[in-house]
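Report on the structure given below.
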Amino acid sequence: MNSIIHKFPLPGIKKTETAIIDSMGWLKKYQLVADEHQAENIANAGSYFTALSYPDIKYFQVRDITDFCSWVCLLDDAGEELLLHNSFPQLIHFFSSLKYICEEPSYQNPTHLGLSTENPIVQALLDLKSRLSNWAGIPQINRLMKAVGSFASGIQWENTFKIQNKYPDLTTFCAMRIASGGMEIPSALASCINNVQLSMSEYTNPVIQVLTKSVSFVALLDNDIYSYAKEKASDSGYYNNIIQIYLISYPDLGEEQAISKAIDLRNQILFLYHLLKQKYQYICEPISLYLKGLEDVVSGNLIFCSTNKRYKVANDRKGYDFKIIQRCEQSMSPPKDIVSISWWWSLLEPQYSLAD
């Protein structure tokens, strides 16, 4: 089986006992968890991801960011709850309302949307937004809230297929994963931590757009690759995962081959990121700090996926164990068979083109 290629520096394993205890207390305060075991699991994931993905975090930011990462894990789990699956209108209403609250900066009253003021997920989010607003800028907070709203849309999209027991085609899957797979959230948190704000011209620069999409998609693929064994072993029998999509799209593939194709795609996109970044000669502040934040997140996420028990199967046994290496030959052209990805590079001017 292919190895995972990763040229960025990788963080070491870090101790997070204090952060776990603090985040458990916050989860209980907002009644977000059913018991001590769930509180510990969620807080462990949030604190561990924070420690791995944000090497430049300041002491006063740690608790706020840890709680936010814990909340995102909880929201992800909420999207998989059987209760919501059995009531599709309830699921759509809740996540649509959450998206609206996220994307309206001045909105404060969830009862106007039929959401109870005691709804713990909403109240916890409003608490987090208030806390981060004490030290992060308005543009960074707005970007973060927009990212949460996009993730809420992604949860609805995935559950639409799940309820029908259907799967999207490969191109649609990749398009929706990059648009609403959730990796915008940790990237936006990095911008909050590092106080990074790109101008509109910087953010819409085609090179920066392609770099952003590429490295975010790599992190999403890492999530799929490492969660495949756990999702496959789940009781639901349904898993909207890049490996499963490959198996459906290419019926002649075996499981090992589908996993290899997912890893190949992941490595190829990251290799193209490095090539484009080397070609672009105008990376200075704040773009350099912005890209560093993205790279820190994808590195932290890789270690998180490969070591955290959130990605283990139910009997506490790791699924697949992939070798991570720093150097290897890889395709130098965009993946032509997935048009929802290949079009990114069509945005580039000829001097930055990576096409054959």
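By convention here, the chains of the structure tokens are called A, B, ... in the order presented, each chain's residues are numbered starting at 1, and ligands are numbered starting at 1 in the order presented.
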Spatial neighbours of range 209-211 of chain A, 8 Å, only C-alpha atoms, chain gap at least 2 places, as a list in words: Tyr203, Thr204, Asn205, Pro206, Val207, Lys213, Ser214, Val215, Tyr273, Leu276, Lys277, Trp344 and Trp345 of chain A
Per-residue nearest contacts of range 154-224 of chain A to range 62-70 of chain A (12 Å; only C-alpha atoms) as a tab-separated table:
```
residue	atom	partner	partner_atom	distance
A:Gly182	CA	A:Cys69	CA	11.3
A:Met183	CA	A:Cys69	CA	11.5
A:Ile185	CA	A:Cys69	CA	8.9
A:Pro186	CA	A:Cys69	CA	7.9
A:Ser187	CA	A:Cys69	CA	11.6
A:Ala188	CA	A:Ile65	CA	11.1
A:Leu189	CA	A:Ile65	CA	7.4
A:Ala190	CA	A:Ile65	CA	9.5
A:Ser191	CA	A:Ile65	CA	11.8
A:Cys192	CA	A:Ile65	CA	9.5
A:Ile193	CA	A:Ile65	CA	8.6
```
Range 136-150 of chain A environment, 12 Å, only C-alpha atoms, sequence neighbours closer than 6 positions dropped, as JSON, numbers by chain: {"A": [60, 61, 64, 65, 68, 69, 71, 72, 73, 75, 76, 94, 95, 96, 97, 98, 99, 100, 101, 102, 103, 104, 105, 106, 107, 122, 125, 126, 128, 129, 130, 156, 157, 176, 177, 178, 179, 180, 181, 182, 183, 184, 185, 186, 187, 188, 189, 190, 191, 192, 193, 194, 195, 196, 197, 198, 199, 200, 203, 290]}
Neighbour list for range 333-340 of chain A as a count of residues only, cut-off 10 Å, only C-alpha atoms, skip fewer than 5 positions in-chain: 19
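Counting from CA of Gln326 in chain A, the distance to CA of Ile4 in chain A is 8.3 Å.
Pairwise distance (CA of Gln31 in chain A, CA of Leu74 in chain A) equals 11.7 Å.
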Spatial neighbours of Asn301 in chain A, 12 Å, only C-alpha atoms, chain gap at least 4 places, as a PyMOL selection string: chain A and resi 6+8+10-11+45-46+48-54+69+183+186-187+215-224+226+294-297+305-308+311
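When CA of Arg310 in chain A is paired with CA of Asn240 in chain A, their separation reads 17.1 Å.
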Close residues, range 254-259 of chain A itself excluded, 9 Å, only C-alpha atoms, min 6 positions apart in chain, as a PyMOL selection string: chain A and resi 1-2+225+242-247
A:Val313, A:Ile163, A:Cys284, A:Ile208 ranked by distance to Lys230 in chain A, top pick (using only C-alpha atoms): A:Val313
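Between Ile42 in chain A and the residues A:Trp343, A:Phe161, A:Trp26, A:Trp135, the shortest atom-to-atom distance, using only C-alpha atoms, involves A:Trp26.
With distances restricted to only C-alpha atoms, A:Phe322 is the closest residue to Ile263 in chain A from A:Phe322, A:Leu348, A:Pro251, A:Tyr238.
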12 Å contact set for Glu118 in chain A, only C-alpha atoms, chain neighbours under 5 positions out, as JSON, numbers by chain: {"A": [30, 31, 32, 109, 110, 111, 123, 124, 126]}
Alpha helix (DSSP H) call set, DSSP backbone run, range 105-326 of chain A, as a ChimeraX atom specification: /A:120-133,138-164,170-180,184-194,200-203,206-233,242-249,255-279,287-307
